[in-house]
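*Asks:* Quick one: this structure, given as structure tokens, is what I'll be asking you about.
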Amino acid sequence: MSADSGVAEAAAVLRAGGLVAFPTETVYGLGANALDAQAVARIFAAKARPSFDPLITHLAEAAELEKLVGTVSPAVAVLAERFWPGPLTLIVDRPAAIPPIVTSGLETMAVRVPDHAAARGLIAAAGVPVAAPSANRFGQLSPTWAEHVVAGLGAAVDVVLDGGPTRCGIESTIVDVRGERPVVLRLGALPVESLEEAVGPVTVRPGSSGQPVAPGTLAAHYAPRTPLRLVTGAGPMDDGGARRGFLGFRSRPAGEWAAVEVLSSDGDLTEAAARLFDALHRLDGAGVDEIVVEPVPEVGVGRAVNDRLRRAAATWG
């Protein structure tokens, strides 16, 4: 269903307890009414997502946050004013209106305002906050096209709003602002450098041991069905082979490969991030036995790209 014409129908589905996949600027989300515990339970079932992994609550406008949680801290207010709508998720105290299933029983809640007209229009038309992880099977590649959602989840979704490719291509940056210094729990589409320009030094602590405080922080995640190996260090590059695929940053490698994807021939990290999951989806469907991947420069949004690659490789480690 077109995101331009299907918002009203999709909003009605959300209000009735259904699941709607919708585009954001990051990846496609799988949404349910965040105030309806039974509807949210359908997200976990559709994704085969473990109950300990919390969801992100999406709002249509930044002004809705205080209506939901009450007065926010100065740090939350500064970051929300600077970066919402946008690919930033903030950790705040869970309000009583949000059922514990949304936060996996935690007393904190992850929340953001997406920078996509269809997403905000859907949330506004539904009239409720929307709980939404990425619209894919748990642990697998995130969807950046509606086709990825249909291929991965099929009939488990009641409505898929097709808004074309997502702009950022990787998930939001997640920041916990409850302490003296903001803590980045998940690297994402908003670079750490941009956060530090707004609030000063931040602590970067991606990863999770035990129950995660934020989604997308498990050591093994974001993985294709094909084994993936991340090439690091200065050792010689493999020479390919008839059954191997390669994901490169700027150029093709030497040798013969069954399939090759290049993220940005111009070395543009924003373009590389936007193309990451789509390229991995294509390699995953190319019938190869292994995907070999080189990292991108560890600066700006490149840190988030490499974070995704490391977690994908850990799944097959």
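Lettering and numbering for the structure tokens are positional, with chains as A, B, ... in the shown order, residues counted from 1 in each chain, and ligands counted from 1 in the shown order.
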Counting only C-alpha atoms, what is within 6 Å of range 13-19 of chain A, bar same-chain residues fewer than 6 positions away, as an mmCIF file with N, CA and C atoms, in the first residue's frame?

*Replies:*
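Saved to part-v8.cif:
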```cif
data_model
loop_
_atom_site.group_PDB
_atom_site.id
_atom_site.type_symbol
_atom_site.label_atom_id
_atom_site.label_comp_id
_atom_site.auth_asym_id
_atom_site.auth_seq_id
_atom_site.Cartn_x
_atom_site.Cartn_y
_atom_site.Cartn_z
ATOM 1 N N GLY A 31 4.963 -1.517 13.533
ATOM 2 C CA GLY A 31 4.297 -0.751 14.568
ATOM 3 C C GLY A 31 3.025 -1.358 15.106
ATOM 4 N N ALA A 32 2.787 -1.092 16.399
ATOM 5 C CA ALA A 32 1.535 -1.420 17.066
ATOM 6 C C ALA A 32 1.221 -0.304 18.044
ATOM 7 N N ASN A 33 -0.038 -0.213 18.442
ATOM 8 C CA ASN A 33 -0.464 0.755 19.438
ATOM 9 C C ASN A 33 0.304 0.500 20.733
ATOM 10 N N ALA A 39 -1.715 -5.870 21.473
ATOM 11 C CA ALA A 39 -1.202 -5.529 20.141
ATOM 12 C C ALA A 39 0.319 -5.587 20.116
ATOM 13 N N VAL A 157 2.191 -9.307 8.945
ATOM 14 C CA VAL A 157 1.909 -7.871 8.990
ATOM 15 C C VAL A 157 0.565 -7.606 8.330
ATOM 16 N N ASP A 158 -0.259 -6.801 8.973
ATOM 17 C CA ASP A 158 -1.586 -6.513 8.416
ATOM 18 C C ASP A 158 -1.521 -5.523 7.262
#
```

*Asks:* Can you pull out every residue from range 44-281 of chain A that DSSP, working from the backbone, puts in alpha helix (DSSP H), and format the result as a VMD selection string?

*Replies:* chain A and resid 44 to 47 64 to 69 74 to 83 117 to 126 146 to 153 192 to 199 269 to 281

*Asks:* Skip Leu269 in chain A itself and residues of its chain fewer than 3 positions away, then list as JSON, numbers by chain all residues within 9 Å of it, counting only C-alpha atoms.

*Replies:* {"A": [249, 263, 264, 266, 272, 273, 274, 296, 297, 299, 300, 301, 302, 305]}

*Asks:* Taking into account only C-alpha atoms, which residue in the set A:Asp4, A:Val213, A:Arg303, A:Asp36 is nearest to Glu107 in chain A?

*Replies:*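 Nearest to Glu107 in chain A: A:Val213.
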
*Asks:* Nearest to Arg120 in chain A: which of A:Gln38, A:Glu196, A:His58, A:Arg250 is it, counting only C-alpha atoms?

*Replies:*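 The shortest atom-to-atom distance to Arg120 in chain A comes from A:His58.
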
*Asks:* Might you pull out every residue within 7 Å of range 122-136 of chain A, with only C-alpha atoms counted and same-chain residues fewer than 6 positions away left off, and present them as a list in words?

*Replies:*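 Residues near the query, excluding close chain neighbours: Val7, Ala8, Ala11, Ala12, Leu14, Arg15, Ala21, Val27, Tyr28, Gly29, Leu30, Gly31, Ala32, Asn33, Ala34, Lys47, Leu55, Ile56, Thr57, His58, Leu59, Ala60, Val102, Ser142, Pro143, Val149, Gly152 and Leu153 of chain A.
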
*Asks:* How far is it from CA of Phe277 in chain A to CA of Leu185 in chain A, in Å with one decimal?

*Replies:* 20.6 Å

*Asks:* Using only C-alpha atoms, which residues sit within 12 Å of Leu106 in chain A once same-chain residues fewer than 2 positions away are excluded, as a list in words?

*Replies:* Ser51, Phe52, Asp53, Pro54, Leu55, Ile91, Val92, Asp93, Arg94, Pro95, Ala96, Ile98, Pro99, Pro100, Ile101, Val102, Thr103, Ser104, Thr108, Met109, Ala110, Gln211, Pro212, Val213 and Ala214 of chain A

*Asks:* Identify, on the basis of only C-alpha atoms, every residue whose closest approach to Ala117 in chain A does not exceed 10 Å; exclude the query and any residue fewer than 6 positions from it along the same chain; express the result as a list in words.

*Replies:*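 Within the cut-off, the hits are Ala3, Asp4, Pro23, Thr24, Glu25, Ala60, Pro85 and Gly163 of chain A.
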
*Asks:* Which one is closest to Gly179 in chain A: A:Leu141, A:Leu65, A:Ala259, A:Ala75? Count only C-alpha atoms.

*Replies:*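 Nearest candidate to Gly179 in chain A out of A:Leu141, A:Leu65, A:Ala259, A:Ala75: A:Ala75.
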
*Asks:* Neighbouring residues of Gly164 in chain A were defined as those with any atom within 9 Å, considering only C-alpha atoms; residues of the same chain fewer than 2 positions away were excluded. Please report them as a list in words.

*Replies:*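 These residues fall inside the cut-off: Ala3, Pro23, Thr144, Trp145, Ala146, Asp162 and Thr166 of chain A.
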
*Asks:* To one decimal place, how far is CA of Arg186 in chain A from CA of Thr173 in chain A in Å?

*Replies:*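 Interatomic distance, CA of Arg186 in chain A to CA of Thr173 in chain A: 5.5 Å.
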
*Asks:* Report, in Å with one decimal, the straight-line distance from CA of Ala314 in chain A to CA of Arg243 in chain A.

*Replies:*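 Those two atoms sit 21.1 Å apart.
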